Amino acid sequence: MSPSKEGSSNDHDIETRAKHEGLSLNKTRTRRGRRKVFCVELFIIPVIACAVLVVLALALGLGLGLGLKKTSSSSYVTTNSSFLLDPNFVVTSTPTTRYYEFVISEAVGSPDGIQRSMLVVNNQFPGPLVEVNSGDELVVNVFNQLPNGTTIHWHGQLQNGTNYMDGTNGITQCPIPPGMNFTYRFTINPNQYGTFWYHAHASTQYTDGIYGPLVIHSPSEPIYGQYDREVLVILSDWYHVMSSGLLTQYLSAAGIDGSNYGGANPGAEPPPDSGLINGKMTNSSLDLQPNLRYRLRLINMGTMTEFMFSVDSHVLSVVEADGTSLAPVNVHRVPIHVAQRYSVILTTNQTAGSYNVRAEMQSTCYKLSNPNLNTMVMATMTYGASPTTPNTQDWSDAFPALCLDLNSTMLVPQIAMNPPNSTETVVVFASFQQTIQSGGTQTLAFMNDTSWLGDSTNPTLLQMSKAGIQTAFDSNQFVIVNDNITVVDLILNNYDDSSHPFHLHGHVFWIIGEGSGSYVPGVSQFNTINPPRRDTLTLPGYSWVAIRFITDNPGLWAFHCHIGWHMAAGMLMQFASLPSQIQQLQIPSYLSNQCGQQSGGLVAT
């Protein structure tokens with residue numbers, strides 16, 4: 001199918017913040033007051049007990065969980081059943097080309113029993129599994145049947161030499177206009193393997209269902225051959241209304257609960273209505289075989305929620321984090337924040353029968369409570385017997401309900417790699433600030449003094465490809481430009497008491513330091529002996545983290561909080577690496593042509 005010559009995006013799901021263009025940086029700001037989060041060392045057996053914070057339930061003006069509007073969509077979502085990976089998939093070092101077609105559309109579904117309109121890939125939720133080997137060429141032709149633009153981001157893919165296939169609206173491409181298609185074509189890095197995913201990267205669209213798993217196999221993966229079967233476990237939070245309406249309310253002067261200015265909860269995010277395991281709130285089942293080692297590939301495809309994952313009576317051996325193979329460490333529970341991935345080995349060697357699979361939503365991380373939310377999401381694992389309703393018990397050891405990663409001392413890469421010495425330091429402060437102006441007051445997210453706002457008609461990659469070594473951008477673009485290969489220490493200070501899962505596009509970084517409070521040069525300590533490597537980390541409230549990466553990948557790369565509401569509020573910055581090489585990228589003409597098809601301008605994400 002060739003791209004249509006007609007069609008244009010509208011603003012139904014891509015909410016604009018154009019009225020904030022050109023805001024003065026000396027506007028009055030007030031740090032938002034938020035519930036404090038207390039940090040402890042996690043999660044080696046037995047887990048250290050701590051007090052669980054109790055949050056007052058606040059009534060939401062939107063009536064979350066209380067019903068839905070009727071929809072005129074004619075198709076009904078089918079549940080994706082490809083969660084047990086095919087053991088006959090040939091894992092090889094001989095590359096090939098793998099072709100997929102995605103149709104992005106709107107349909108009706110009820111993942112948690114409440115019917116609503118949702119956005120889907122090939123009428124499936126979650127979207128279809130993309131399964132490849134390292135070194136394969138991946139070709140995905142995406143057809144947009146939505147009434148507004150969309151993009152697909154390949155989360156965790158390095159995209160070296162193909163930055164224009166990263167799928168980030170306002171940065172590497174414009175949204176695919178309605179009725180048109182876009183072909184993503186790139187080569188999987190031959191040294192990359194593990195658990196990844198894809199999702200829409202335009203506004204908060206992936207909140208409504210545009211996401212799915214991406215698995216990269218390799219005989220060179222250190223943990224390859226240490227398990228017998230593979231299972232996908234997709235965790236996500238879920239809302240009963242379309243995210244576009246929630247986003248409009250969230251970014252409004254009043255906010256979700258009317259407290260954005262003068263209230264107790266400025267910048268409060270909409271809490272979800274339910275949680276899902278493999279696209280369902282209940283009745284998800286893992287039908288396994290006894291006495292086998294299963295690699296459970298855990299992926300958090302949610303918008304806001306960190307989950308605590310466990311399986312009754314079964315120890316989990318953590319062996320992968322975000323595509324990096326780890327020295328195995330045994331735990332009862334795995335905390336997994338938005339956009340992170342872990343692989344755990346589970347052995348089906350207990351008494352035959354059915355067991356509870358638990359994904360507890362860490363609701364203490366929410367600013368607002370949803371009184372209708374059941375935070376314990378359950379599935380069933382069965383082996384050696386017919387499925388029954390499990391009566392198994394949760395692990396008895398206490399655990400802290402805090403939004404943190406596994407302790408960094410547990411994330412020891414199997415392939416040891418010390419980072420090179422740093423040649424550049426970038427210090428960034430992430431915050432939420434109230435902005436007061438003639439049009440009213442709004443709570444926005446900032447990286448230093450910039451609240452990001454993507455331009456859906458002129459992405460920064462195209463700006464750089466036309467202008468050469470560009471160092472000046474619009475006031476809503478915070479871009480670090482360097483035309484030399486450097487080793488960057490990014491020091492990120494969190495001035496918010498909320499934890500934030502930060503993701504860096506196009507890179508795997510070393511986590512070399514972390515601590516409470518703000519980073520203090522000469523005092524805060526770094527670890528450069530085989531530190532953890534990943535692409536998404538959790539930065540706790542009122543804390544700092546230091547990551548190190550190499551700017552040897554030409555392109556414009558986003559670094560942002562992966563909580564959808566926070567990115568929509570502006571918590572994003574960019575790294576422009578090797579702009580002289582950006583001029584040499586073979587950017588397909590249809591990318592720039594589709595930018596000319598846009599009817600909108602500045603968009604939230």
# chains A, B, ... in the order shown; residues from 1 in each chain; ligands from 1
>>> residues_around(residues="Gln594 (chain A)", least_positions_apart="4", cutoff="8 Å", atoms="only C-alpha atoms", output="ChimeraX atom specification")
/A:174-177,590,598
>>> write_last_selection(atoms="all heavy atoms", output="tab-separated table (two decimals), in the first residue's frame")
chain	number	residue	atom	x	y	z
A	174	CYS	N	7.67	13.87	12.42
A	174	CYS	CA	6.33	14.41	12.63
A	174	CYS	C	5.36	13.24	12.72
A	174	CYS	O	5.65	12.13	12.26
A	174	CYS	CB	5.93	15.32	11.47
A	174	CYS	SG	7.03	16.74	11.26
A	175	PRO	N	4.19	13.44	13.31
A	175	PRO	CA	3.22	12.35	13.38
A	175	PRO	C	2.83	11.85	11.99
A	175	PRO	O	2.77	12.62	11.03
A	175	PRO	CB	2.01	12.99	14.08
A	175	PRO	CG	2.58	14.14	14.84
A	175	PRO	CD	3.71	14.66	14.00
A	176	ILE	N	2.58	10.55	11.89
A	176	ILE	CA	2.06	9.96	10.65
A	176	ILE	C	0.65	10.49	10.48
A	176	ILE	O	-0.23	10.24	11.31
A	176	ILE	CB	2.05	8.44	10.73
A	176	ILE	CG1	3.42	7.89	11.14
A	176	ILE	CG2	1.60	7.83	9.40
A	176	ILE	CD1	3.39	6.43	11.54
A	177	PRO	N	0.36	11.23	9.40
A	177	PRO	CA	-0.98	11.81	9.26
A	177	PRO	C	-2.05	10.74	9.11
A	177	PRO	O	-1.79	9.61	8.68
A	177	PRO	CB	-0.86	12.66	7.98
A	177	PRO	CG	0.61	12.91	7.81
A	177	PRO	CD	1.27	11.66	8.32
A	590	TYR	N	9.89	10.72	2.61
A	590	TYR	CA	8.50	10.69	3.10
A	590	TYR	C	8.41	11.21	4.52
A	590	TYR	O	7.34	11.63	4.97
A	590	TYR	CB	7.88	9.29	2.97
A	590	TYR	CG	8.60	8.16	3.67
A	590	TYR	CD1	8.40	7.90	5.02
A	590	TYR	CD2	9.45	7.30	2.97
A	590	TYR	CE1	9.02	6.85	5.66
A	590	TYR	CE2	10.09	6.24	3.60
A	590	TYR	CZ	9.87	6.01	4.94
A	590	TYR	OH	10.50	4.95	5.57
A	598	GLN	N	1.03	18.25	8.27
A	598	GLN	CA	0.50	18.49	9.61
A	598	GLN	C	-0.36	19.75	9.63
A	598	GLN	O	0.01	20.78	9.06
A	598	GLN	CB	1.64	18.63	10.61
A	598	GLN	CG	2.61	17.46	10.63
A	598	GLN	CD	1.93	16.14	10.95
A	598	GLN	OE1	1.12	16.06	11.86
A	598	GLN	NE2	2.27	15.12	10.18
>>> select_by_dssp(residues="region 210-268 of chain A", states="strand (DSSP E or B)", output="PyMOL selection string")
chain A and resi 211-217+229-238
>>> write_last_selection(atoms="N, CA, C and O atoms", output="mmCIF file, in the first residue's frame")
data_model
loop_
_atom_site.group_PDB
_atom_site.id
_atom_site.type_symbol
_atom_site.label_atom_id
_atom_site.label_comp_id
_atom_site.auth_asym_id
_atom_site.auth_seq_id
_atom_site.Cartn_x
_atom_site.Cartn_y
_atom_site.Cartn_z
ATOM 1 N N TYR A 211 0.759 -0.244 22.337
ATOM 2 C CA TYR A 211 2.043 -0.761 22.806
ATOM 3 C C TYR A 211 2.086 -2.273 22.660
ATOM 4 O O TYR A 211 1.050 -2.942 22.581
ATOM 5 N N GLY A 212 3.322 -2.793 22.607
ATOM 6 C CA GLY A 212 3.507 -4.231 22.467
ATOM 7 C C GLY A 212 4.957 -4.618 22.707
ATOM 8 O O GLY A 212 5.847 -3.768 22.805
ATOM 9 N N PRO A 213 5.235 -5.926 22.769
ATOM 10 C CA PRO A 213 6.567 -6.411 23.125
ATOM 11 C C PRO A 213 7.490 -6.558 21.919
ATOM 12 O O PRO A 213 7.062 -6.852 20.803
ATOM 13 N N LEU A 214 8.775 -6.363 22.164
ATOM 14 C CA LEU A 214 9.840 -6.576 21.185
ATOM 15 C C LEU A 214 10.912 -7.410 21.866
ATOM 16 O O LEU A 214 11.504 -6.976 22.864
ATOM 17 N N VAL A 215 11.160 -8.607 21.352
ATOM 18 C CA VAL A 215 12.138 -9.527 21.936
ATOM 19 C C VAL A 215 13.269 -9.741 20.948
ATOM 20 O O VAL A 215 13.031 -10.034 19.767
ATOM 21 N N ILE A 216 14.504 -9.569 21.427
ATOM 22 C CA ILE A 216 15.694 -9.778 20.589
ATOM 23 C C ILE A 216 16.466 -10.964 21.150
ATOM 24 O O ILE A 216 16.929 -10.943 22.303
ATOM 25 N N HIS A 217 16.603 -12.000 20.326
ATOM 26 C CA HIS A 217 17.352 -13.201 20.709
ATOM 27 C C HIS A 217 18.786 -13.117 20.195
ATOM 28 O O HIS A 217 19.076 -12.420 19.213
ATOM 29 N N ARG A 229 11.991 -22.458 28.474
ATOM 30 C CA ARG A 229 10.883 -21.802 27.784
ATOM 31 C C ARG A 229 10.881 -20.316 28.150
ATOM 32 O O ARG A 229 11.528 -19.888 29.105
ATOM 33 N N GLU A 230 10.086 -19.526 27.388
ATOM 34 C CA GLU A 230 10.005 -18.089 27.622
ATOM 35 C C GLU A 230 8.548 -17.642 27.660
ATOM 36 O O GLU A 230 7.722 -18.126 26.874
ATOM 37 N N VAL A 231 8.266 -16.716 28.547
ATOM 38 C CA VAL A 231 6.915 -16.194 28.730
ATOM 39 C C VAL A 231 6.994 -14.670 28.845
ATOM 40 O O VAL A 231 7.864 -14.137 29.536
ATOM 41 N N LEU A 232 6.084 -13.985 28.166
ATOM 42 C CA LEU A 232 5.958 -12.539 28.321
ATOM 43 C C LEU A 232 4.972 -12.230 29.443
ATOM 44 O O LEU A 232 3.885 -12.817 29.516
ATOM 45 N N VAL A 233 5.356 -11.301 30.314
ATOM 46 C CA VAL A 233 4.459 -10.818 31.359
ATOM 47 C C VAL A 233 4.416 -9.301 31.234
ATOM 48 O O VAL A 233 5.360 -8.600 31.613
ATOM 49 N N ILE A 234 3.325 -8.800 30.653
ATOM 50 C CA ILE A 234 3.171 -7.371 30.372
ATOM 51 C C ILE A 234 2.300 -6.748 31.459
ATOM 52 O O ILE A 234 1.153 -7.161 31.666
ATOM 53 N N LEU A 235 2.857 -5.778 32.144
ATOM 54 C CA LEU A 235 2.150 -5.087 33.218
ATOM 55 C C LEU A 235 1.800 -3.685 32.752
ATOM 56 O O LEU A 235 2.608 -3.016 32.105
ATOM 57 N N SER A 236 0.603 -3.237 33.088
ATOM 58 C CA SER A 236 0.209 -1.882 32.691
ATOM 59 C C SER A 236 -0.911 -1.388 33.588
ATOM 60 O O SER A 236 -1.687 -2.175 34.143
ATOM 61 N N ASP A 237 -0.961 -0.063 33.753
ATOM 62 C CA ASP A 237 -2.120 0.539 34.407
ATOM 63 C C ASP A 237 -3.141 0.904 33.339
ATOM 64 O O ASP A 237 -2.845 0.931 32.147
ATOM 65 N N TRP A 238 -4.353 1.196 33.777
ATOM 66 C CA TRP A 238 -5.439 1.371 32.811
ATOM 67 C C TRP A 238 -6.425 2.400 33.330
ATOM 68 O O TRP A 238 -6.676 2.499 34.537
#
>>> closest_atom_pairs(of="region 121-240 of chain A", to="region 247-263 of chain A", cutoff="12 Å", atoms="only C-alpha atoms", output="CSV")
residue,atom,partner,partner_atom,distance
A:Ser203,CA,A:Leu247,CA,8.8
A:Thr204,CA,A:Leu247,CA,7.6
A:Gln205,CA,A:Leu247,CA,10.4
A:Thr207,CA,A:Leu247,CA,10.7
A:Asp208,CA,A:Leu247,CA,11.9
A:Tyr239,CA,A:Leu247,CA,12.0
>>> closest_atom_pairs(of="region 80-131 of chain A", to="region 272-291 of chain A", cutoff="7 Å", atoms="only C-alpha atoms", output="JSON lines")
{"residue": "A:Pro111", "atom": "CA", "partner": "A:Lys280", "partner_atom": "CA", "distance": 4.9}
{"residue": "A:Asp112", "atom": "CA", "partner": "A:Met281", "partner_atom": "CA", "distance": 4.8}
{"residue": "A:Phe125", "atom": "CA", "partner": "A:Gly279", "partner_atom": "CA", "distance": 6.3}
{"residue": "A:Pro126", "atom": "CA", "partner": "A:Gly279", "partner_atom": "CA", "distance": 5.9}
>>> write_last_selection(atoms="N, CA and C atoms", output="tab-separated table (two decimals), in the first residue's frame")
chain	number	residue	atom	x	y	z
A	111	PRO	N	-10.62	-4.38	28.82
A	111	PRO	CA	-9.56	-5.14	29.48
A	111	PRO	C	-9.82	-5.44	30.95
A	112	ASP	N	-10.53	-4.53	31.63
A	112	ASP	CA	-10.81	-4.76	33.05
A	112	ASP	C	-12.30	-4.96	33.31
A	125	PHE	N	-4.72	-6.13	21.67
A	125	PHE	CA	-4.25	-5.45	22.87
A	125	PHE	C	-3.77	-6.50	23.86
A	126	PRO	N	-2.52	-6.39	24.34
A	126	PRO	CA	-1.45	-5.55	23.79
A	126	PRO	C	-1.17	-5.89	22.33
>>> residues_around(residues="Gln477 (chain A)", least_positions_apart="6", cutoff="9 Å", atoms="only C-alpha atoms", output="list in words")
Thr450, Ser451, Trp452, Leu453, Gly454, Thr460, Leu572, Met573 and Gln574 of chain A
>>> atom_distance(atom1="CA of Trp544 (chain A)", atom2="CA of Ser422 (chain A)")
17.9 Å
>>> closest_atom_pairs(of="region 210-282 of chain A", to="region 489-504 of chain A", cutoff="12 Å", atoms="only C-alpha atoms", output="JSON lines")
{"residue": "A:Pro266", "atom": "CA", "partner": "A:Asp496", "partner_atom": "CA", "distance": 11.8}
{"residue": "A:Gly267", "atom": "CA", "partner": "A:Asp496", "partner_atom": "CA", "distance": 10.9}
{"residue": "A:Ala268", "atom": "CA", "partner": "A:Ser498", "partner_atom": "CA", "distance": 10.7}
{"residue": "A:Glu269", "atom": "CA", "partner": "A:Ser498", "partner_atom": "CA", "distance": 11.0}
>>> write_last_selection(atoms="N, CA and C atoms", output="mmCIF file, in the first residue's frame")
data_model
loop_
_atom_site.group_PDB
_atom_site.id
_atom_site.type_symbol
_atom_site.label_atom_id
_atom_site.label_comp_id
_atom_site.auth_asym_id
_atom_site.auth_seq_id
_atom_site.Cartn_x
_atom_site.Cartn_y
_atom_site.Cartn_z
ATOM 1 N N PRO A 266 -0.957 20.697 43.855
ATOM 2 C CA PRO A 266 -0.673 21.214 42.509
ATOM 3 C C PRO A 266 0.053 20.182 41.663
ATOM 4 N N GLY A 267 -0.394 20.066 40.418
ATOM 5 C CA GLY A 267 0.246 19.120 39.507
ATOM 6 C C GLY A 267 -0.122 17.675 39.746
ATOM 7 N N ALA A 268 -1.210 17.410 40.456
ATOM 8 C CA ALA A 268 -1.595 16.033 40.763
ATOM 9 C C ALA A 268 -1.954 15.275 39.491
ATOM 10 N N GLU A 269 -1.391 14.071 39.344
ATOM 11 C CA GLU A 269 -1.643 13.247 38.171
ATOM 12 C C GLU A 269 -2.936 12.443 38.342
#
>>> closest_residue(among="A:Val545, A:Ile587, A:Leu84, A:Val241", to="Val426 (chain A)", atoms="only C-alpha atoms")
A:Val545
>>> closest_atom_pairs(of="region 228-346 of chain A", to="region 143-157 of chain A", cutoff="10 Å", atoms="only C-alpha atoms", output="JSON lines")
{"residue": "A:Asp322", "atom": "CA", "partner": "A:Gly156", "partner_atom": "CA", "distance": 7.6}
{"residue": "A:Gly323", "atom": "CA", "partner": "A:Gly156", "partner_atom": "CA", "distance": 8.1}
{"residue": "A:Ala339", "atom": "CA", "partner": "A:His155", "partner_atom": "CA", "distance": 8.2}
{"residue": "A:Gln340", "atom": "CA", "partner": "A:Gly156", "partner_atom": "CA", "distance": 9.7}
>>> closest_residue(among="A:Thr187, A:Thr443, A:Thr425, A:Thr78", to="Pro95 (chain A)", atoms="only C-alpha atoms")
A:Thr187
>>> decode(residues="region 351-394 of chain A", atoms="N, CA and C atoms", output="PDB file, in the first residue's frame")
ATOM      1  N   THR A 351       4.685 -28.109  44.115  1.00  0.00           N
ATOM      2  CA  THR A 351       3.551 -29.032  43.988  1.00  0.00           C
ATOM      3  C   THR A 351       2.698 -28.660  42.794  1.00  0.00           C
ATOM      4  N   ALA A 352       2.302 -29.652  42.008  1.00  0.00           N
ATOM      5  CA  ALA A 352       1.468 -29.396  40.834  1.00  0.00           C
ATOM      6  C   ALA A 352       0.191 -28.674  41.254  1.00  0.00           C
ATOM      7  N   GLY A 353      -0.220 -27.711  40.429  1.00  0.00           N
ATOM      8  CA  GLY A 353      -1.435 -26.979  40.733  1.00  0.00           C
ATOM      9  C   GLY A 353      -1.383 -25.560  40.215  1.00  0.00           C
ATOM     10  N   SER A 354      -2.244 -24.704  40.740  1.00  0.00           N
ATOM     11  CA  SER A 354      -2.348 -23.314  40.304  1.00  0.00           C
ATOM     12  C   SER A 354      -1.834 -22.393  41.404  1.00  0.00           C
ATOM     13  N   TYR A 355      -1.151 -21.321  40.978  1.00  0.00           N
ATOM     14  CA  TYR A 355      -0.542 -20.362  41.899  1.00  0.00           C
ATOM     15  C   TYR A 355      -0.923 -18.940  41.495  1.00  0.00           C
ATOM     16  N   ASN A 356      -1.023 -18.080  42.477  1.00  0.00           N
ATOM     17  CA  ASN A 356      -1.272 -16.673  42.203  1.00  0.00           C
ATOM     18  C   ASN A 356      -0.025 -15.988  41.654  1.00  0.00           C
ATOM     19  N   VAL A 357      -0.227 -15.248  40.592  1.00  0.00           N
ATOM     20  CA  VAL A 357       0.777 -14.332  40.077  1.00  0.00           C
ATOM     21  C   VAL A 357       0.315 -12.934  40.468  1.00  0.00           C
ATOM     22  N   ARG A 358       1.186 -12.174  41.147  1.00  0.00           N
ATOM     23  CA  ARG A 358       0.776 -10.894  41.725  1.00  0.00           C
ATOM     24  C   ARG A 358       1.572  -9.748  41.106  1.00  0.00           C
ATOM     25  N   ALA A 359       0.852  -8.688  40.773  1.00  0.00           N
ATOM     26  CA  ALA A 359       1.480  -7.440  40.353  1.00  0.00           C
ATOM     27  C   ALA A 359       0.805  -6.336  41.149  1.00  0.00           C
ATOM     28  N   GLU A 360       1.417  -5.952  42.252  1.00  0.00           N
ATOM     29  CA  GLU A 360       0.792  -4.965  43.133  1.00  0.00           C
ATOM     30  C   GLU A 360       1.181  -3.565  42.694  1.00  0.00           C
ATOM     31  N   MET A 361       0.177  -2.746  42.455  1.00  0.00           N
ATOM     32  CA  MET A 361       0.387  -1.369  42.046  1.00  0.00           C
ATOM     33  C   MET A 361       0.848  -0.550  43.244  1.00  0.00           C
ATOM     34  N   GLN A 362       1.939   0.182  43.082  1.00  0.00           N
ATOM     35  CA  GLN A 362       2.502   0.949  44.193  1.00  0.00           C
ATOM     36  C   GLN A 362       1.796   2.300  44.280  1.00  0.00           C
ATOM     37  N   SER A 363       0.598   2.267  44.837  1.00  0.00           N
ATOM     38  CA  SER A 363      -0.266   3.453  44.843  1.00  0.00           C
ATOM     39  C   SER A 363       0.227   4.522  45.805  1.00  0.00           C
ATOM     40  N   THR A 364       1.153   4.195  46.713  1.00  0.00           N
ATOM     41  CA  THR A 364       1.703   5.230  47.585  1.00  0.00           C
ATOM     42  C   THR A 364       2.487   6.262  46.783  1.00  0.00           C
ATOM     43  N   CYS A 365       2.798   5.933  45.518  1.00  0.00           N
ATOM     44  CA  CYS A 365       3.504   6.877  44.664  1.00  0.00           C
ATOM     45  C   CYS A 365       2.550   7.896  44.034  1.00  0.00           C
ATOM     46  N   TYR A 366       1.244   7.690  44.160  1.00  0.00           N
ATOM     47  CA  TYR A 366       0.283   8.596  43.540  1.00  0.00           C
ATOM     48  C   TYR A 366       0.093   9.832  44.408  1.00  0.00           C
ATOM     49  N   LYS A 367      -0.180  10.934  43.749  1.00  0.00           N
ATOM     50  CA  LYS A 367      -0.520  12.158  44.476  1.00  0.00           C
ATOM     51  C   LYS A 367      -1.966  12.108  44.959  1.00  0.00           C
ATOM     52  N   LEU A 368      -2.832  11.508  44.151  1.00  0.00           N
ATOM     53  CA  LEU A 368      -4.243  11.360  44.486  1.00  0.00           C
ATOM     54  C   LEU A 368      -4.582   9.885  44.576  1.00  0.00           C
ATOM     55  N   SER A 369      -5.553   9.566  45.389  1.00  0.00           N
ATOM     56  CA  SER A 369      -6.035   8.192  45.494  1.00  0.00           C
ATOM     57  C   SER A 369      -7.275   8.008  44.640  1.00  0.00           C
ATOM     58  N   ASN A 370      -7.467   6.797  44.155  1.00  0.00           N
ATOM     59  CA  ASN A 370      -8.700   6.415  43.486  1.00  0.00           C
ATOM     60  C   ASN A 370      -9.389   5.377  44.367  1.00  0.00           C
ATOM     61  N   PRO A 371     -10.491   5.714  45.009  1.00  0.00           N
ATOM     62  CA  PRO A 371     -11.117   4.784  45.958  1.00  0.00           C
ATOM     63  C   PRO A 371     -11.633   3.516  45.295  1.00  0.00           C
ATOM     64  N   ASN A 372     -11.778   3.515  43.971  1.00  0.00           N
ATOM     65  CA  ASN A 372     -12.283   2.332  43.285  1.00  0.00           C
ATOM     66  C   ASN A 372     -11.164   1.414  42.788  1.00  0.00           C
ATOM     67  N   LEU A 373      -9.900   1.763  43.054  1.00  0.00           N
ATOM     68  CA  LEU A 373      -8.775   1.011  42.510  1.00  0.00           C
ATOM     69  C   LEU A 373      -8.426  -0.170  43.402  1.00  0.00           C
ATOM     70  N   ASN A 374      -8.389  -1.359  42.806  1.00  0.00           N
ATOM     71  CA  ASN A 374      -7.863  -2.545  43.479  1.00  0.00           C
ATOM     72  C   ASN A 374      -6.394  -2.674  43.078  1.00  0.00           C
ATOM     73  N   THR A 375      -5.488  -2.419  44.004  1.00  0.00           N
ATOM     74  CA  THR A 375      -4.070  -2.344  43.660  1.00  0.00           C
ATOM     75  C   THR A 375      -3.425  -3.708  43.456  1.00  0.00           C
ATOM     76  N   MET A 376      -4.039  -4.779  43.919  1.00  0.00           N
ATOM     77  CA  MET A 376      -3.459  -6.112  43.749  1.00  0.00           C
ATOM     78  C   MET A 376      -4.028  -6.759  42.487  1.00  0.00           C
ATOM     79  N   VAL A 377      -3.260  -6.736  41.422  1.00  0.00           N
ATOM     80  CA  VAL A 377      -3.665  -7.330  40.148  1.00  0.00           C
ATOM     81  C   VAL A 377      -3.182  -8.778  40.134  1.00  0.00           C
ATOM     82  N   MET A 378      -4.081  -9.689  39.753  1.00  0.00           N
ATOM     83  CA  MET A 378      -3.770 -11.115  39.881  1.00  0.00           C
ATOM     84  C   MET A 378      -3.902 -11.836  38.549  1.00  0.00           C
ATOM     85  N   ALA A 379      -3.013 -12.810  38.345  1.00  0.00           N
ATOM     86  CA  ALA A 379      -3.129 -13.772  37.260  1.00  0.00           C
ATOM     87  C   ALA A 379      -2.911 -15.152  37.875  1.00  0.00           C
ATOM     88  N   THR A 380      -3.028 -16.185  37.032  1.00  0.00           N
ATOM     89  CA  THR A 380      -2.912 -17.556  37.519  1.00  0.00           C
ATOM     90  C   THR A 380      -1.823 -18.288  36.740  1.00  0.00           C
ATOM     91  N   MET A 381      -0.937 -18.951  37.455  1.00  0.00           N
ATOM     92  CA  MET A 381       0.060 -19.832  36.845  1.00  0.00           C
ATOM     93  C   MET A 381      -0.261 -21.273  37.230  1.00  0.00           C
ATOM     94  N   THR A 382      -0.335 -22.148  36.227  1.00  0.00           N
ATOM     95  CA  THR A 382      -0.688 -23.547  36.473  1.00  0.00           C
ATOM     96  C   THR A 382       0.300 -24.460  35.783  1.00  0.00           C
ATOM     97  N   TYR A 383       0.689 -25.528  36.473  1.00  0.00           N
ATOM     98  CA  TYR A 383       1.462 -26.591  35.809  1.00  0.00           C
ATOM     99  C   TYR A 383       1.198 -27.925  36.504  1.00  0.00           C
ATOM    100  N   GLY A 384       1.206 -28.989  35.714  1.00  0.00           N
ATOM    101  CA  GLY A 384       1.061 -30.340  36.236  1.00  0.00           C
ATOM    102  C   GLY A 384      -0.321 -30.688  36.714  1.00  0.00           C
ATOM    103  N   ALA A 385      -1.322 -29.865  36.432  1.00  0.00           N
ATOM    104  CA  ALA A 385      -2.688 -30.112  36.880  1.00  0.00           C
ATOM    105  C   ALA A 385      -3.628 -29.254  36.060  1.00  0.00           C
ATOM    106  N   SER A 386      -4.928 -29.517  36.214  1.00  0.00           N
ATOM    107  CA  SER A 386      -5.915 -28.666  35.557  1.00  0.00           C
ATOM    108  C   SER A 386      -6.013 -27.344  36.292  1.00  0.00           C
ATOM    109  N   PRO A 387      -6.232 -26.240  35.553  1.00  0.00           N
ATOM    110  CA  PRO A 387      -6.309 -24.924  36.206  1.00  0.00           C
ATOM    111  C   PRO A 387      -7.454 -24.861  37.201  1.00  0.00           C
ATOM    112  N   THR A 388      -7.179 -24.278  38.346  1.00  0.00           N
ATOM    113  CA  THR A 388      -8.197 -24.038  39.359  1.00  0.00           C
ATOM    114  C   THR A 388      -7.970 -22.633  39.920  1.00  0.00           C
ATOM    115  N   THR A 389      -8.916 -22.179  40.713  1.00  0.00           N
ATOM    116  CA  THR A 389      -8.721 -20.900  41.393  1.00  0.00           C
ATOM    117  C   THR A 389      -7.685 -21.078  42.491  1.00  0.00           C
ATOM    118  N   PRO A 390      -6.562 -20.376  42.425  1.00  0.00           N
ATOM    119  CA  PRO A 390      -5.506 -20.606  43.419  1.00  0.00           C
ATOM    120  C   PRO A 390      -5.939 -20.167  44.812  1.00  0.00           C
ATOM    121  N   ASN A 391      -5.467 -20.907  45.810  1.00  0.00           N
ATOM    122  CA  ASN A 391      -5.634 -20.469  47.193  1.00  0.00           C
ATOM    123  C   ASN A 391      -4.269 -20.283  47.856  1.00  0.00           C
ATOM    124  N   THR A 392      -3.259 -20.067  47.037  1.00  0.00           N
ATOM    125  CA  THR A 392      -1.912 -19.899  47.562  1.00  0.00           C
ATOM    126  C   THR A 392      -1.755 -18.539  48.234  1.00  0.00           C
ATOM    127  N   GLN A 393      -0.762 -18.445  49.106  1.00  0.00           N
ATOM    128  CA  GLN A 393      -0.560 -17.242  49.902  1.00  0.00           C
ATOM    129  C   GLN A 393       0.644 -16.451  49.413  1.00  0.00           C
ATOM    130  N   ASP A 394       0.556 -15.121  49.582  1.00  0.00           N
ATOM    131  CA  ASP A 394       1.668 -14.242  49.255  1.00  0.00           C
ATOM    132  C   ASP A 394       2.835 -14.536  50.192  1.00  0.00           C
TER     133      ASP A 394
END
